[in-house]
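Asker: I'd like to ask some things about the structure below.
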Amino acid sequence: YDCSNPIFGQTVNPYNPQKTSGGSSGGEGALIGGGGSILGIGSDIGGSIRIPASFCGICGFKPTTGRLSSQGIVPIYRGQKCVLSSPGPLARDVDSLALCMQALLCDHMFSLDPTVPPLPFNLEMYQSSKPLRIGYFENDGYSQPSPSIIRSLREVKALLEQAGHTLVPYEPLRVNQVAVKLIISGVFSDGTTSMLQKLKGGPVDPCLRPQVKLYSVPKWLKRILVFLLKPFSPRIPSVLSAVCGVSTIPEIWKLHAAVEDYISETVAHWRKHNIDVLLCPMIGPAFNLLYCGRLSSLSSLTMLYNLLNFPAGAVTVSTVTAQDEEELKHFRGIYQDYWDKLHKQAVTGAEGLPLAVQCVALPWQDELCLRFMKEHLSNLVEVSYLVLLTDSKVTGRGAIAPPSTPLGPPIPKAYSKDTMPTYPSLKRRRDRGAQ
């Protein structure tokens with residue numbers, strides 16, 4: 001989930017060039033987050049829309065797979081059916097995401113690609129103000145989010161309750177098992193052959209080098225390493241075993257059946273809790289360079305919803321504080337292993353960088369997911385911009401600097417109060433600020 005290639009090099013974060021933009025749709029994330037564009041399209045098989053949105057201080061939405069056409073998109077794992085990819089929009093606000101979806105979900109697109117269900121955008125659902133019953137959790141039992149992400153999620157939870165919504169604890173089912181047995185085994189059923197073939201003959205980008213080295217280890221040696229590492233690490237041996245792939249057609253069918261069963265179990269679990277939507281932690285804040293390729297374990301926070309084929313979006317709600325950085329010094333993680341130590345190193349030095357939460361809904365309820373992002377979570381961002389416009393100090397270069405205790409993402413340096421883009425939601429913020 002990084003953004004780099006041997007030709008153009010590393011795409012950096014618009015807030016801090018020592019940090020990554022995230023990926024794989026990090027070019028769009030950096031461009032929009034830096035004020036160079038108002039809308040972009042990315043693709044997401046494990047968080048590749050949501051992670052750049054989180055790292056770059058914007059909004060990103062992964063629709064239900066099949067809601068938008070995938071014609072013309074060349075996937076890296078074509079034919080892989082366990083963990084599904086989806087195209088989707090990135091923008092600076094949720095209204096822009098919804099406008100993009102509304103424009104794409106039209107008769108013309110349905111006629112161009114008859115495999116897309118002819119479901120127009122449900123504007124009534126998106127504009128609804130009905131109170132929601134919202135499930136929430138702070139970690140999935142496999143990946144421990146950073147202290148700043150958990151703090152942001154708790155603040156959002158409190159504000160949602162103040163707004164009249166019902167928040168209920170929710171625990172995802174067996175993510176510590178599913179992350180390896182279904183997600184990693186599903187993506188790498190071929191033993192990483194497809195990925196290695198696509199990279200064959202060309203230079204390997206530094207952000208991919210750790211993964212390529214691991215995947216290139218012969219299977220017999222991987223199995224020996226699994227045996228040797230088991231007493232010392234609970235997660236790495238299981239991942240090594242999973243990337244060996246499956247060896248028979250019946251095993252593939254069994255894997256596909258297990259994914260179907262897990263989706264059914266999760267829907268039943270969701271309905272048992274009687275929730276409309278789910279509030280989840282996001283990966284973040286933005287990582288230091290060259291850490292994404294070494295921290296694939298964290299993708300359980302986002303990749304779970306590709307496995308389930310649930311619509312999911314990331315929306316920025318806060319920024320990292322000095323207190324968050326202090327809390328990070330005591331971070332140990334769930335397993336306290338090599339990956340947890342890398343996670344701590346990856347997010348160090350992020351004061352002032354954006355923080356996001358993740359919003360999830362059931363399949364084909366994309367408009368409900370967007371409505372959850374907009375009506376209640378993006379309001380936090382609007383308040384933050386208003387504070388920045390009315391309470392910030394102007395630097396000598398004319399750019400707005402964030403206040404001492406920011407409530408949300410600072411406006412990128414490319415913007416000033418007078419050069420703010422004029423698309424509708426931001427215009428409303430400017431008008432309120434002037435009043």
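Within each chain, counting starts at residue 1; across the structure tokens, chains are named A, B, ... in the order shown, with ligands numbered 1 upward in that order.
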May I have the residues within 10 Å of Asp324 of chain A as a list in words, using only C-alpha atoms and disregarding those fewer than 4 positions away in the same chain?
Answerer: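 My reading of the contact set: Ser146, Pro147, Ser148, Ile149, Ile150, Arg151, Thr319, Val320, Leu328, Lys329, Thr348, Ala350 and Glu351 of chain A.
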Asker: Export N, CA, C and O atoms of the chosen residues as a compact mmCIF listing (two decimals), in the first residue's frame?
Answerer:
# COMPACT_ATOMS: atom_id res chain seq x y z
N SER A 146 -2.63 2.66 15.83
CA SER A 146 -1.78 3.58 16.60
C SER A 146 -2.63 4.33 17.63
O SER A 146 -3.85 4.47 17.47
N PRO A 147 -2.01 4.82 18.71
CA PRO A 147 -2.77 5.55 19.74
C PRO A 147 -3.55 6.75 19.19
O PRO A 147 -4.66 7.03 19.64
N SER A 148 -2.99 7.45 18.20
CA SER A 148 -3.68 8.61 17.65
C SER A 148 -4.95 8.21 16.91
O SER A 148 -5.97 8.92 16.98
N ILE A 149 -4.93 7.08 16.22
CA ILE A 149 -6.12 6.60 15.52
C ILE A 149 -7.20 6.21 16.52
O ILE A 149 -8.39 6.53 16.33
N ILE A 150 -6.82 5.53 17.59
CA ILE A 150 -7.80 5.12 18.59
C ILE A 150 -8.40 6.35 19.28
O ILE A 150 -9.62 6.43 19.52
N ARG A 151 -7.57 7.34 19.58
CA ARG A 151 -8.07 8.57 20.19
C ARG A 151 -9.09 9.25 19.27
O ARG A 151 -10.16 9.70 19.70
N THR A 319 -6.09 15.43 13.61
CA THR A 319 -4.65 15.43 13.33
C THR A 319 -3.90 14.91 14.55
O THR A 319 -4.40 14.95 15.68
N VAL A 320 -2.70 14.45 14.32
CA VAL A 320 -1.86 13.91 15.39
C VAL A 320 -1.40 15.05 16.30
O VAL A 320 -0.94 16.10 15.83
N LEU A 328 2.49 7.18 21.92
CA LEU A 328 3.12 6.23 21.00
C LEU A 328 4.38 5.61 21.60
O LEU A 328 4.72 4.47 21.29
N LYS A 329 5.06 6.35 22.45
CA LYS A 329 6.28 5.82 23.07
C LYS A 329 6.01 4.57 23.89
O LYS A 329 6.90 3.74 24.10
N THR A 348 6.05 7.09 13.77
CA THR A 348 6.74 8.06 14.62
C THR A 348 6.98 9.37 13.85
O THR A 348 7.23 9.36 12.66
N ALA A 350 4.80 12.07 13.52
CA ALA A 350 3.64 12.42 12.68
C ALA A 350 2.84 13.59 13.23
O ALA A 350 1.72 13.83 12.76
N GLU A 351 3.35 14.32 14.19
CA GLU A 351 2.57 15.41 14.77
C GLU A 351 2.08 16.38 13.69
O GLU A 351 2.84 16.82 12.83
Asker: DSSP on the backbone, then: every residue of segment 145-190 of chain A marked strand (DSSP E or B), written as a list in words.
Answerer: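 Checking each residue of segment 145-190 of chain A, the strand (DSSP E or B) ones are Thr166, Leu167, Val168 and Pro169 of chain A.
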Asker: Please write the residues from the selection above to a file, keeping all heavy atoms, as a compact mmCIF listing (two decimals), in the first residue's frame.
Answerer:
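Printed below is result.txt as written:
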# COMPACT_ATOMS: atom_id res chain seq x y z
N THR A 166 -27.02 5.88 18.11
CA THR A 166 -26.77 4.82 19.09
C THR A 166 -25.50 4.08 18.71
O THR A 166 -25.39 3.58 17.59
CB THR A 166 -27.96 3.84 19.14
OG1 THR A 166 -29.15 4.56 19.45
CG2 THR A 166 -27.72 2.76 20.17
N LEU A 167 -24.55 4.01 19.61
CA LEU A 167 -23.28 3.32 19.38
C LEU A 167 -23.24 2.04 20.20
O LEU A 167 -23.47 2.08 21.42
CB LEU A 167 -22.11 4.22 19.75
CG LEU A 167 -21.59 5.25 18.74
CD1 LEU A 167 -20.90 4.57 17.56
CD2 LEU A 167 -22.68 6.18 18.26
N VAL A 168 -22.97 0.93 19.53
CA VAL A 168 -22.92 -0.36 20.23
C VAL A 168 -21.59 -1.05 19.94
O VAL A 168 -21.10 -1.02 18.81
CB VAL A 168 -24.10 -1.27 19.81
CG1 VAL A 168 -25.43 -0.66 20.22
CG2 VAL A 168 -24.09 -1.53 18.31
N PRO A 169 -20.98 -1.69 20.95
CA PRO A 169 -19.73 -2.40 20.71
C PRO A 169 -19.94 -3.55 19.71
O PRO A 169 -20.98 -4.22 19.71
CB PRO A 169 -19.35 -2.95 22.09
CG PRO A 169 -20.12 -2.11 23.07
CD PRO A 169 -21.39 -1.73 22.37
Asker: Which of these residues is nearest to Ile283 of chain A, using only C-alpha atoms: A:Leu368, A:Ile45, A:Leu229, A:Leu301?
Answerer: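 Result for the nearest residue to Ile283 of chain A: A:Leu301.
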Asker: Mind giving me the straight-line distance from atom CA of Ala163 of chain A to atom CA of Arg371 of chain A in Å, one decimal?
Answerer: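 For atom CA of Ala163 of chain A relative to atom CA of Arg371 of chain A, the distance reads 14.5 Å.
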Asker: Compile the contact shell of segment 39-41 of chain A as a PyMOL selection string: residues with an atom at most 7 Å away, counting only C-alpha atoms, same-chain residues fewer than 6 positions apart removed.
Answerer: chain A and resi 28+32+87-91
Asker: Produce a file of the selected residues containing C-alpha atoms, as a compact mmCIF listing (two decimals), in the first residue's frame.
Answerer:
# COMPACT_ATOMS: atom_id res chain seq x y z
CA GLU A 28 -4.36 10.71 -6.62
CA ILE A 32 -5.92 15.96 -4.11
CA PRO A 87 -12.60 1.20 -8.48
CA GLY A 88 -13.76 4.20 -6.50
CA PRO A 89 -13.43 7.96 -6.03
CA LEU A 90 -11.12 10.11 -3.88
CA ALA A 91 -11.91 13.76 -3.07
